[in-house]
Structure formats: structure tokens, C-alpha cells
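Peer 1: Take this structure, written in C-alpha cells, and hold onto it; I'll ask about it next.
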Amino acid sequence: MSAGKEDQHQDVRQYYPTKGRVIIHLDMNAFYCSVHEAEDPDTYKGKPTAVAGSIELRKGIIVTCSYAARGLGIRTGMTVRQAERICPQLILIQPDFHLYRRYSRAFLEIANSYTPLVEAVSIDECYMDITGSKSFGTPQQIATELQQRIREELNIPCSIGIAPNKLLAKMASDMKKPNGITVLRIREVPKLLWSLPCHELFGIGRKTADKLLKMGIRTIGELANADIERLHQTFGVYGDAMRLAANGLDYSLVKSEREQSKSIGHTTTLPQDIESEEEVRRVLLNLADQVTRRMRKQALMAHTIQLTIRNPDMKTITRSVTISVPSDDTSRFMEEAWRLYEKHWNKGDPIRLLGITGQSLVSKEEAAVQLDLFEYEQQPKKDKLNETMDKIRDKFGESALITLGMVGEDPSSLLRNHRRRGTSLQTDFLRDWEQGDKRS
């Protein structure tokens, strides 16, 4: 190494700690709207836009909105009707999760070019541990280049937080939006964070903040200096974690390998209450179909099947059954969910929401499946049939093979439409990406 390059390398190293880590939190700004703007700038660039469901019924909720819309008073969580009253010129866009997943993979590809330690926490954000990325420059240089590449290659904005841990990196990325880069050090926490109310601390929700307020703890600074025994009495070990966080301390690692799912489920809120057994059966069948599809893609089986039902008054019940032989079969899930419905719900009572979840998941390879003689003979046939059907649907779409009982107009049918289906936190698609399947 020449003297000049060695000096330059030494200069970069001084920006990295000898002990400790450098973490980046990368957050796409108004991601869904930004993606549509990138795809069709002539229609959407600089205009008030919002992505929402059930646009035709005007009952949908604003999922996200552009910064132009935010400037006019539109906010996430508003109903479409409320938003249109505030901004009649608001452009409403149907969600396209297939498109969002493609852009999500693309920005994660860029992140992975700087470090293998990338943890995607949702469709539009990730953590990066760049402690070992000195060859790319200083943390600030890496952040600047990241932001520029995402803007040039994908034409979407992002905000970046740089900090010694994940907590502060997340807090930092929220400080300047859109297109901000913020460095937050532990020594700066008292000055920058302690005057903020407790709910501004990442990980503390409104309910927890209300409990803290009843204890006389109003700000992050007061939480940082609160009596640990008092916190522990009210919140248990979570009280210890909150106090550490309020002091800017977080020891969690950036996990580049995705952990096995603890549960896999779907719920669907219905546009009109349903009452008839035929309607309930159709919705449950669609839910069971997509839950087991997701499980089979991850080679998982469930010991427990849970049913969720909510009535129009928002009263929710969850009931579950543990089966002796773990399953990933749609018909078994449907059978058990229907038994739970018949046992725990008064027939004819209106239903607003239904959900099915597979719990106590085990790897299919590791599952110690105890089969009786009949099951032993039938299980391979079921597995082969499921495998064949999954391959056909992977190639030709979710609706290529369905039963007549699954056909309907309610949102449970939309679960098969991957262009419309999804949430920011559902990251099943990243498992394929991590395993080298980079299909859009």
C-alpha cells in the first residue's frame, strides 16, 4: 500500500470506533407513493397522492400519502372520504404490492453491496451494520452514496440514520424527512431526545406512554432517570429495557439471516357484515388456502390452528385447537377452523372480521409426524398434490387453481391477488430473495 493510500485508510478508520459498531437505518420516504411516482412521473410527480384500499367504496383507509398531500393536511389512517374532503384534487391509487416488493428487493440489493449484514424489518426499511465496511469510506460517505444510488437507480427518496446501535439509528432516520442524513451519538441523547414525550421513543406505544404518564414520567429524560425498581414493578423486564433505551443504549444485533416465523396468518375485514354459513365458509376457505400456501413455501407445519372472529361492535374472540399431527394442508386448516366457528360462534350473528393463523410452527423436515396406517398411505399423495398445485399457481397465478367455494367479491378473495395483497411488515418475499430467487 502506498503512503498516500495508507494515510487515506488511516483517515477513514478514525471515523469508526475501535470498540462498538456503526449502524445505518435506511428508510424509504412515503414508499408506496414514491414508487408510483417513479413508475409514472408524468401522472404523479409533485402531486398530492395517496395509496388506499377500497377506493371505490370510499370506506378505505389512507395507507400512505405523498409529501405534497401531507403538506395539505392529509395523514395516514384517515378514511378516503375524510381525505377527499380536505383535498378534492387528491389522486387515489390502488395498492400494488407486487410493484412495491420489486422496489424493496432493489434497494436491499444496493444495501447488500456495502455489507452482508443487512436486516430487512419491513418492505421499506432495513438496518445495516457497516462496522466492517471501511473500504467504502466513512459512515457519512457511505450514507451519502447510498442515498444517491437509490435516487439515481430507483428514483425514490430515502432518509438515513447513522448511530452506534439500531435504536438510535432508527430515531436518527426519523429526524430529517425526506432525503435526510442524520448522525446520532449516545452523548447527544440528553440534548436531542430527553425533552421529547415518551411516546416519541421508538418501541413505546401510546398505551405504555399513558401508563408512564400516570406514574409522573412525561419525557424521555424523566424515563432515563426513573427509579428502576418502580419501573420493574409496573412493567417487569420491559421497564429495564425502556430505561436503557431512554439512555440511548441498545445491544441488539443486525440479523442478516431471517429467523423462522413463529406464526403465519391472515385476517380480513369485510366491507359488509356477513351472517350466512355459506359466506363464512367461503371466507375461511380463502384464508386457509393462503395461510397454508405461505407455510408450504417456508416448509413449515403448524401444531396449532387459531380462528379469530370480530363482530360489528369490535368484540373479538380468538379460539384455537392443537392437533396431534402438525399440518400444512388447506383442507385440515379449513376443517379445524370450521369446527371452532361452529363451537364458539352463534350461527347468524353478524361477523365483521375473520382470521386464521397457524401457530407452534415446526420445520417439515424436523416434524416428528406420527401417522396411523391410513394417514401413512395418504400423506405422500396429499403432499404430492399440494406440491403440484403450488407449482401451477407459482407459474400461472394464485387463481389458476381454486375451488368453486373460494369464488367471491369480498377481501378474502383479494388474498390471492399478490398485486393487491400485502402489508409493510409482511416480508415473506424476502426469503426467496435471500435464497437467490430474484424474480420480480
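Just so we're on the same page: first chain in the C-alpha cells is A, next is B, and so on; residues restart at 1 for each chain, and ligands are numbered from 1 in the order they show up.
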Counting only C-alpha atoms, what is within 12 Å of Arg85 of chain A, bar same-chain residues fewer than 3 positions away, as a PyMOL selection string?
Peer 2: chain A and resi 58+72-74+78-82+88-90
Peer 1: Excluding same-chain residues fewer than 2 positions from Thr304 of chain A, what lies within 10 Å of it counting only C-alpha atoms, as a PyMOL selection string?
Peer 2: chain A and resi 263+301-302+306+320-327+333+336+357-361
Peer 1: When you look at segment 155-172 of chain A with a cut-off of 8 Å (counting only C-alpha atoms), what residues show up, excluding the ones that are within fewer than 5 positions of it in the same chain? I need them as a PyMOL selection string.
Peer 2: chain A and resi 20-29+31+34-35+38+127+139-140+143+147+150+177-186+201-202+245+248-254
Peer 1: Report as a PDB file with C-alpha atoms, in the first residue's frame all protein, DNA and RNA residues lying within 6 Å of Ile351 of chain A, evaluated on only C-alpha atoms, omitting residues in the same chain fewer than 4 positions from it.
Peer 2:
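And here is the file that came out, out-v2.pdb:
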```pdb
ATOM      1  CA  ASP A 273     -71.068  -7.851   7.823  1.00  0.00           C
ATOM      2  CA  ILE A 274     -71.687 -11.481   6.898  1.00  0.00           C
ATOM      3  CA  ARG A 310     -64.795  -9.948  15.332  1.00  0.00           C
ATOM      4  CA  ASN A 311     -68.363  -8.658  15.417  1.00  0.00           C
TER       5      ASN A 311
END
```
Peer 1: Tell me, as a ChimeraX atom specification, which residues lie within 10 Å of segment 217-231 of chain A, counting only C-alpha atoms; anything in the same chain fewer than 3 positions away does not count.
Peer 2: /A:189-191,193-201,209-214,234-248
Peer 1: Hey, which of A:His36, A:Thr49, A:Arg187, A:Pro271 ends up closest to Thr76 of chain A? Count only C-alpha atoms.
Peer 2: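 Of A:His36, A:Thr49, A:Arg187, A:Pro271, the one nearest Thr76 of chain A, counting only C-alpha atoms, is A:Thr49.
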Peer 1: With distances taken over only C-alpha atoms, which of A:Lys255, A:Lys347, A:Arg332, A:Arg282 is nearest to Pro116 of chain A?
Peer 2: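 Looking at the shortest contact to Pro116 of chain A, the residue is A:Lys255.
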Peer 1: Residues near Val63 of chain A, anyone? I mean within 7 Å using only C-alpha atoms, not counting same-chain ones fewer than 4 positions away, as a PyMOL selection string.
Peer 2: chain A and resi 51-52+76-77
Peer 1: Could those selected residues go to a file with N, CA and C atoms, as an mmCIF file, in the first residue's frame?
Peer 2:
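Full text of selection-v3.cif as output:
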```
data_model
loop_
_atom_site.group_PDB
_atom_site.id
_atom_site.type_symbol
_atom_site.label_atom_id
_atom_site.label_comp_id
_atom_site.auth_asym_id
_atom_site.auth_seq_id
_atom_site.Cartn_x
_atom_site.Cartn_y
_atom_site.Cartn_z
ATOM 1 N N VAL A 51 -52.136 6.238 -1.365
ATOM 2 C CA VAL A 51 -52.454 4.827 -1.613
ATOM 3 C C VAL A 51 -53.464 4.406 -0.560
ATOM 4 N N ALA A 52 -54.561 3.808 -1.021
ATOM 5 C CA ALA A 52 -55.627 3.420 -0.100
ATOM 6 C C ALA A 52 -56.350 2.201 -0.636
ATOM 7 N N THR A 76 -51.806 9.593 7.199
ATOM 8 C CA THR A 76 -52.026 8.147 7.236
ATOM 9 C C THR A 76 -53.080 7.809 8.287
ATOM 10 N N GLY A 77 -53.984 6.901 7.946
ATOM 11 C CA GLY A 77 -55.030 6.490 8.881
ATOM 12 C C GLY A 77 -56.357 7.178 8.657
#
```
Peer 1: Determine which residues of segment 283-380 of chain A DSSP labels as strand (DSSP E) from the backbone of this structure, then write them out as a ChimeraX atom specification.
Peer 2: /A:300-310,316-327,351-363
Peer 1: Have a look at A:Asp328, A:Glu275, A:Glu365, A:Asp129 and name the one nearest to Pro350 of chain A; count only C-alpha atoms.
Peer 2: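 Ranked by minimum distance to Pro350 of chain A, first place goes to A:Glu275.
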